[in-house]
Every structure is written in C-alpha cells, then in structure tokens.
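Colleague: This is the structure I have questions about; it appears just below.
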Amino acid sequence: MPAIADIGTRIELVPMDGHFHDITVALYRQPTTAGPAFLVHTYSALDGAERRLEDIRSLMMTLGGLQPSVEAPGLLAFPCGEEHGLAVRRLFLEACKVGSPDEAVPPPLSTVDRKSGLTIVAEPLGEGQYRVEAVGEAGEADRSRRVGVIVNGLMKLGEMRRVEGADDCVGFDCGYSHDELVGLLLVRAPNVRAIVREQQALAARGVLAAPSQQGDAP
C-alpha cells in the first residue's frame, strides 16, 4: 500500500487502451508547491507499457499545452499553475485515443460544426479570453444560435466563464491563454451530451486496481 499511496488522487480512467494491449491507464492529480501536477499511470508490467505512458504524456503536451512539471519530474502541469480539472480529464481521454505522438498536431482554434456546416472560430483576446464566431452561409439568427451552443459547451467542458457583457466570449479564471486546450475542446463543444455519455460509459467499464488488489486477475 505505501507504494500506491503517493501517486495522488485518480481523476480519470481509460479501462482499455486500444493502442497498447488493452491495458488500463489512469490520470492522477498530485499537489506541488507550484500547483496541481498530473501523473499518467498504469499497473501493467507489459514490456512497452512505460513507452506508451510516455507517448500519452507527449500527446497531452501537444494536444492541450501541458508542460513538464518543474516541481515533480515525470509529471505534467499547466503553465498557469491551475488544475482545470474537467478540461485535463477530457485532454487525457482524447490523448489516449491517439496511437502515436507523430499523429498529433496542436489543435487549431477553428472547427466545422457538423450540425450547421458553419466554421466555428475561437479568437484569442488575451488574458485567457476568447471570442466565438460562426462563419458561413447562414442567417444571423442561426449563427448566433450556434455560437450560444458552442459557448455553453466550452463552459461545461473547460469550466470557462462567460465574459460579462459579451455573450459570445468565454475565458479562464486563471487569466492565461490556453490555445491548444481551447482548440481541443472546440471540436467537442457542439455535442456535450455525447461527451457526458462517453465518460459515463468509461466509468462503468472498470477500475484501476493495484496488483495486490487484483487477486487472480491478469
């Protein structure tokens, strides 16, 4: 038990990693003097498991702007020093869907909204704030409606706040720009319900247990 007591609090779980022998991988949060840091962890002893963890860490840096923690070697942290709990959970899940860091590029601050066909753009305004715009052949009412949907999605997925006096603007309380993270969440923002269903399904599929707790399990 002492070996597992120090890895922190588990905040997300992928029961079966389809890119590496269906091993279970989880994300843990640890406190540091510089703020929360995150550990990507598995109890699998398979050859190559640690390399897979390194790939996931690299993917989280590319896809979400995380950086190596200055206080805890091997852990990741946001440069602002905040947790961004919901957003980092989504980032971890998305990183685990990718097989190799070579397949990933930083997400752009635009995406095509499948429901409307409009291009959704998040314009950085500085101090962690972004203006959401819908571009395309649609009436003002339709574009405004889709912007409202995206804004609400970003608020739910990234714990962002609506900027006072601007219904099309959202921001992070930390006041720090997180362009990669916003680009990642922007793709998912139009369909938050599907994201919630996915997370519920993952939670129901299994738990990460230490070898001493697994009994005869492989």
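Labels for the structure tokens follow display order: chains A, B, ..., residues from 1 in each chain, ligands from 1.
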Apply DSSP to the backbone of this structure and, from range 6-137 of chain A, keep only the residues in alpha helix (DSSP H); write these as a ChimeraX atom specification.
Modeller: /A:49-64,85-96
Colleague: Tell me, counting only C-alpha atoms, for each residue of range 137-206 of chain A within 10 Å of range 85-93 of chain A, which pair of atoms is nearest and how far apart they are in Å to one decimal, in rows ordered by chain and increasing number, as JSON lines.
Modeller:
{"residue": "A:Leu154", "atom": "CA", "partner": "A:Ala87", "partner_atom": "CA", "distance": 9.4}
{"residue": "A:Lys156", "atom": "CA", "partner": "A:Leu86", "partner_atom": "CA", "distance": 8.3}
{"residue": "A:Leu157", "atom": "CA", "partner": "A:Ala87", "partner_atom": "CA", "distance": 6.0}
{"residue": "A:Gly158", "atom": "CA", "partner": "A:Ala87", "partner_atom": "CA", "distance": 4.6}
{"residue": "A:Glu159", "atom": "CA", "partner": "A:Leu86", "partner_atom": "CA", "distance": 6.7}
{"residue": "A:Met160", "atom": "CA", "partner": "A:Ala87", "partner_atom": "CA", "distance": 9.4}
{"residue": "A:Leu181", "atom": "CA", "partner": "A:Ala87", "partner_atom": "CA", "distance": 7.5}
{"residue": "A:Val182", "atom": "CA", "partner": "A:Ala87", "partner_atom": "CA", "distance": 9.1}
{"residue": "A:Leu184", "atom": "CA", "partner": "A:Leu91", "partner_atom": "CA", "distance": 7.5}
{"residue": "A:Leu185", "atom": "CA", "partner": "A:Ala87", "partner_atom": "CA", "distance": 7.7}
{"residue": "A:Arg188", "atom": "CA", "partner": "A:Arg90", "partner_atom": "CA", "distance": 9.5}
{"residue": "A:Ile195", "atom": "CA", "partner": "A:Arg90", "partner_atom": "CA", "distance": 8.8}
{"residue": "A:Glu198", "atom": "CA", "partner": "A:Leu93", "partner_atom": "CA", "distance": 9.9}
{"residue": "A:Gln199", "atom": "CA", "partner": "A:Leu93", "partner_atom": "CA", "distance": 8.9}
{"residue": "A:Leu202", "atom": "CA", "partner": "A:Leu93", "partner_atom": "CA", "distance": 9.8}
Colleague: For each of A:Gly8, A:Val70, A:Asp17, A:Leu27, take the minimum atom-to-atom distance to Ala49 in chain A, counting only C-alpha atoms, then give the residue where this is smallest.
Modeller: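 Of A:Gly8, A:Val70, A:Asp17, A:Leu27, the one nearest Ala49 in chain A is A:Asp17, counting only C-alpha atoms.
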Colleague: Out of A:Glu123, A:Cys96, A:Pro68, A:Ala189, which residue has the shortest atom-to-atom distance to Pro15 in chain A when counting only C-alpha atoms?
Modeller: A:Cys96
Colleague: Among the residues of range 47-204 of chain A, find those DSSP assigns to strand (DSSP E or B) from the backbone and print them as a list in words.
Modeller: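 The residues of range 47-204 of chain A classed as strand (DSSP E or B) are Gln67, Pro68, Leu76, Ala77, Ser110, Thr111, Val112, Thr119, Ile120, Val121, Ala122, Glu123, Pro124, Leu125, Gly126, Gln129, Tyr130, Arg131, Val132, Glu133, Ala134, Val135, Arg161, Arg162, Cys169, Val170 and Gly171 of chain A.
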Colleague: For Tyr28 in chain A, find every residue with an atom within 8 Å (counting only C-alpha atoms), except residues of its own chain fewer than 4 positions away, and show them as a ChimeraX atom specification.
Modeller: /A:7-12,38-41
Colleague: Restricted to N, CA and C atoms, what would the selected residues look like written as a CSV table (one decimal), in the first residue's frame?
Modeller:
chain,number,residue,atom,x,y,z
A,7,ILE,N,0.8,8.3,-5.2
A,7,ILE,CA,0.7,8.6,-6.6
A,7,ILE,C,-0.4,9.7,-6.8
A,8,GLY,N,-1.2,10.0,-5.7
A,8,GLY,CA,-2.1,11.1,-5.8
A,8,GLY,C,-3.6,10.6,-5.9
A,9,THR,N,-4.4,11.5,-6.4
A,9,THR,CA,-5.9,11.2,-6.5
A,9,THR,C,-6.2,10.9,-7.9
A,10,ARG,N,-6.9,9.8,-8.1
A,10,ARG,CA,-7.2,9.4,-9.5
A,10,ARG,C,-8.4,10.3,-10.0
A,11,ILE,N,-8.3,10.9,-11.2
A,11,ILE,CA,-9.3,11.8,-11.6
A,11,ILE,C,-9.9,11.3,-13.0
A,12,GLU,N,-9.3,10.4,-13.7
A,12,GLU,CA,-9.8,9.9,-14.9
A,12,GLU,C,-9.2,8.5,-15.2
A,38,PHE,N,0.1,16.3,-12.8
A,38,PHE,CA,-0.7,15.2,-13.2
A,38,PHE,C,0.2,14.0,-13.6
A,39,LEU,N,-0.1,12.8,-13.2
A,39,LEU,CA,0.6,11.6,-13.4
A,39,LEU,C,-0.2,10.7,-14.3
A,40,VAL,N,0.4,10.2,-15.4
A,40,VAL,CA,-0.2,9.2,-16.2
A,40,VAL,C,0.4,7.9,-15.8
A,41,HIS,N,-0.5,7.0,-15.4
A,41,HIS,CA,-0.1,5.8,-14.7
A,41,HIS,C,-0.8,4.5,-15.1
Colleague: With distances taken over only C-alpha atoms, which of A:Leu46, A:Met61, A:Ala34, A:Leu66 is nearest to His21 in chain A?
Modeller: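 Closest candidate: A:Leu46.
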Colleague: In terms of the shortest atom-to-atom distance over only C-alpha atoms, which of A:Ala77, A:Ala95, A:Ala141, A:Val105 is closest to His19 in chain A?
Modeller: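 For His19 in chain A, the nearest of the candidates is A:Ala95.
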Colleague: For Glu133 in chain A, which residue out of A:Asn152, A:Asn191, A:Gly99, A:Cys169 is the nearest one, using only C-alpha atoms?
Modeller: A:Cys169
Colleague: Rank A:Ala72, A:Ser100, A:Val14, A:Arg193 by their smallest atom-to-atom distance to Glu54 in chain A, using only C-alpha atoms, and report the top residue only.
Modeller: A:Ser100
